[in-house]
2 protein chains.
Amino acid sequence: MKTYLDCVPCIIKQAVRAPRRFTDDPVVLERILRKTMLAITEFDLSRTPPEMGCVLNHIMNRELGNPDPYLEEKRRFNMLASELLPGLRKEVKSAADPFETAVRLAVAANYIDFGAPAGRTDGLLAALFTEALSQPIKGGGASAIKRLRELAGEADSILYLADNAGEIVIDRLVIEQLPRGKVTVAVREGPAINDALFEDASVAGLDEVAEVVTSGVDLPGTPLNACPPAFVERFRSARLIISKGQGNFETLSDEPGTIFFLLVVKCPTVAQHLSCEVGDFVVAKNASN
Amino acid sequence: MKTYLDCVPCIIKQAVRAPRRFTDDPVVLERILRKTMLAITEFDLSRTPPEMGCVLNHIMNRELGNPDPYLEEKRRFNMLASELLPGLRKEVKSAADPFETAVRLAVAANYIDFGAPAGRTDGLLAALFTEALSQPIKGGGASAIKRLRELAGEADSILYLADNAGEIVIDRLVIEQLPRGKVTVAVREGPAINDALFEDASVAGLDEVAEVVTSGVDLPGTPLNACPPAFVERFRSARLIISKGQGNFETLSDEPGTIFFLLVVKCPTVAQHLSCEVGDFVVAKNASN
């Protein structure tokens, strides 16, 4: 998905709002905004929205003098999700359809997202998971979940692209439903908003149930043209890709391969792409095969 | 009122949306956005939001090759308001308090505003005026209207700063309530979004009931530091100033003199300044004397 003109005011809004989480120094806030605007003025709109988001993140982190400003928040959401995990795992085990239940919870967990306009915070997290069990699934809906289960049973290699910290703890419920020894989980190489890094995958214990690698880039998405060849090779050779979140969708929506996108829709432009509404829970298979 | 950081994404959003009213050429749309961003990157935030808006308008009009893209819309709203005027004038004449009724209608007419995020369109205009008769007035409320009436009775010179085309037709109802021979109406010198120009004041017949001048600038507001000395002198010597709309408020909120601001609040930043909500009808006297 390319970057639309409408993505530009959205990133400029984030350039005003995101830094306020970390500083109230008006000089720093104004400098981050001006530098971001100047950089975006030159941004090639054929690149993807997460690559534009990355421009802001690099400027913000540099101006704040903090390479990972969301670190505390990421840890807090990992902890919160870890507290909820045992109860949710019981929910999965006792469900009529454990696979679908795990997928629903993993989609709902994608609400944990500070980079997107409609992200939720901790107080609502538990309620969100309850909601997730009955919420209609858009995109391909129940039949996409069924197809995902079938393909997961057949695939000899599954690449699971994680999105946010906190969320990655809940992703474990899906990974536990997938065939053992066949799953690779990819996290970001370096800080990208609140996206999950190696540390977060470890907290989630994913190294116990899957191989964990990084995308090779510190981007809130997976633009293959920016990823190192080893990761691209891993992506191309995977028989099934499970892609979490909007940033991964925005960067991979036009890629071939068997990709299932699991996300909560957080902006009108992506909603339009997926023919659904902001806030919808989506499980959608890509069109290419 | 200075320009806040939050005003910046708002103007960038307008740089995406406003030109779409006039062209669907993606190259032109992208060029307007990029040029506006580049110009705003250099904008001095101690200047007022309408001055920033003017940056967009100049770029947009130049790139569209059209010095007055809103011309048709302005004429349409002048016509619509003119159709409604006789009925509204009857409403004023038969009202228990004709002055307050005229002021309420003139405030409501400020909804006609393409430059602001919450502007209304023609279908809702008639309903809006009915609503205006009972809608609570914020800012100084009824007592501000009472004080305005008193000061208008005493003042030997009244400067009425018009805002939008269409709206200016309804402004006539207030001007008819003011002492004859003492009112000067100021419109913009040149095209500024849908703001009223000399032509619009003529359509409204204001030249029959008042002197009509221009602010000397093509800005959607009245920043005195940008206006020619003759206009500033007229402003300073007026005993009472009636200022319509958000653009005039944003540029004159810190000026001395006896100024009454009549407007519909169209953005959260102005709402915060006036301790009210977006959508509120406001009649507020400035604090300075």
# chains A, B, ... in the order shown; residues from 1 in each chain; ligands from 1
>>> residues_around(residues="region 177-193 of chain B", least_positions_apart="5", cutoff="6 Å", atoms="only C-alpha atoms", output="PDB file with N, CA and C atoms, in the first residue's frame")
ATOM      1  N   ASP B  68      -9.433  33.015  -7.431  1.00  0.00           N
ATOM      2  CA  ASP B  68     -10.578  33.040  -6.501  1.00  0.00           C
ATOM      3  C   ASP B  68     -11.412  31.776  -6.664  1.00  0.00           C
ATOM      4  N   ASP B 156     -20.082  56.657  18.639  1.00  0.00           N
ATOM      5  CA  ASP B 156     -20.235  57.528  17.460  1.00  0.00           C
ATOM      6  C   ASP B 156     -19.575  56.916  16.229  1.00  0.00           C
ATOM      7  N   SER B 157     -18.834  55.811  16.413  1.00  0.00           N
ATOM      8  CA  SER B 157     -18.265  55.117  15.258  1.00  0.00           C
ATOM      9  C   SER B 157     -18.170  53.622  15.561  1.00  0.00           C
ATOM     10  N   ILE B 158     -18.733  52.855  14.662  1.00  0.00           N
ATOM     11  CA  ILE B 158     -18.763  51.396  14.853  1.00  0.00           C
ATOM     12  C   ILE B 158     -18.115  50.742  13.634  1.00  0.00           C
ATOM     13  N   LEU B 159     -17.131  49.890  13.915  1.00  0.00           N
ATOM     14  CA  LEU B 159     -16.492  49.144  12.823  1.00  0.00           C
ATOM     15  C   LEU B 159     -16.995  47.698  12.870  1.00  0.00           C
ATOM     16  N   TYR B 160     -17.595  47.258  11.776  1.00  0.00           N
ATOM     17  CA  TYR B 160     -18.155  45.904  11.708  1.00  0.00           C
ATOM     18  C   TYR B 160     -17.274  45.079  10.779  1.00  0.00           C
ATOM     19  N   LEU B 161     -16.558  44.118  11.337  1.00  0.00           N
ATOM     20  CA  LEU B 161     -15.624  43.310  10.536  1.00  0.00           C
ATOM     21  C   LEU B 161     -16.341  42.056  10.039  1.00  0.00           C
ATOM     22  N   ALA B 162     -16.639  42.039   8.766  1.00  0.00           N
ATOM     23  CA  ALA B 162     -17.375  40.904   8.194  1.00  0.00           C
ATOM     24  C   ALA B 162     -16.465  39.680   8.082  1.00  0.00           C
ATOM     25  N   ALA B 210     -24.422  51.390   5.241  1.00  0.00           N
ATOM     26  CA  ALA B 210     -23.161  51.632   5.955  1.00  0.00           C
ATOM     27  C   ALA B 210     -22.080  52.010   4.955  1.00  0.00           C
ATOM     28  N   GLU B 211     -20.978  52.506   5.470  1.00  0.00           N
ATOM     29  CA  GLU B 211     -19.807  52.692   4.620  1.00  0.00           C
ATOM     30  C   GLU B 211     -19.120  51.328   4.504  1.00  0.00           C
ATOM     31  N   VAL B 212     -18.634  50.984   3.327  1.00  0.00           N
ATOM     32  CA  VAL B 212     -17.934  49.700   3.167  1.00  0.00           C
ATOM     33  C   VAL B 212     -16.482  49.974   2.787  1.00  0.00           C
ATOM     34  N   VAL B 213     -15.558  49.370   3.538  1.00  0.00           N
ATOM     35  CA  VAL B 213     -14.129  49.516   3.242  1.00  0.00           C
ATOM     36  C   VAL B 213     -13.512  48.119   3.187  1.00  0.00           C
ATOM     37  N   THR B 214     -12.243  48.058   2.832  1.00  0.00           N
ATOM     38  CA  THR B 214     -11.564  46.754   2.928  1.00  0.00           C
ATOM     39  C   THR B 214     -10.454  46.837   3.977  1.00  0.00           C
ATOM     40  N   SER B 215     -10.085  45.650   4.458  1.00  0.00           N
ATOM     41  CA  SER B 215      -9.036  45.549   5.479  1.00  0.00           C
ATOM     42  C   SER B 215      -7.662  45.828   4.886  1.00  0.00           C
ATOM     43  N   GLY B 216      -7.602  45.857   3.558  1.00  0.00           N
ATOM     44  CA  GLY B 216      -6.325  46.104   2.886  1.00  0.00           C
ATOM     45  C   GLY B 216      -5.504  44.843   2.671  1.00  0.00           C
ATOM     46  N   VAL B 217      -5.995  43.709   3.181  1.00  0.00           N
ATOM     47  CA  VAL B 217      -5.241  42.457   3.015  1.00  0.00           C
ATOM     48  C   VAL B 217      -6.162  41.330   2.546  1.00  0.00           C
ATOM     49  N   ASP B 218      -5.570  40.341   1.882  1.00  0.00           N
ATOM     50  CA  ASP B 218      -6.352  39.188   1.413  1.00  0.00           C
ATOM     51  C   ASP B 218      -6.180  38.017   2.371  1.00  0.00           C
ATOM     52  N   LEU B 219      -6.420  38.295   3.634  1.00  0.00           N
ATOM     53  CA  LEU B 219      -6.228  37.297   4.688  1.00  0.00           C
ATOM     54  C   LEU B 219      -7.570  36.943   5.311  1.00  0.00           C
ATOM     55  N   PRO B 220      -7.759  35.654   5.696  1.00  0.00           N
ATOM     56  CA  PRO B 220      -9.019  35.272   6.341  1.00  0.00           C
ATOM     57  C   PRO B 220      -9.041  35.659   7.820  1.00  0.00           C
TER      58      PRO B 220
END
>>> select_by_dssp(residues="region 10-241 of chain A", states="alpha helix (DSSP H)", output="JSON, numbers by chain")
{"A": [10, 11, 12, 13, 14, 15, 16, 17, 26, 27, 28, 29, 30, 31, 32, 33, 34, 35, 36, 37, 38, 39, 40, 41, 49, 50, 51, 52, 53, 54, 55, 56, 57, 58, 59, 60, 61, 62, 63, 64, 71, 72, 73, 74, 75, 76, 77, 78, 79, 80, 81, 82, 83, 84, 85, 86, 87, 88, 89, 90, 91, 92, 93, 94, 98, 99, 100, 101, 102, 103, 104, 105, 106, 107, 108, 109, 125, 126, 127, 128, 129, 130, 131, 132, 141, 142, 143, 144, 145, 146, 147, 148, 149, 150, 151, 152, 153, 154, 167, 168, 169, 170, 171, 172, 173, 174, 175, 198, 199, 200, 201, 202, 203, 206, 207, 208, 209, 229, 230, 231, 232, 233, 234, 235, 236, 237]}
>>> interface_residues(of="chain A", to="chain B", cutoff="9 Å", atoms="only C-alpha atoms", output="PyMOL selection string")
chain A and resi 5-6+8-17+29-30+33-38+40-42
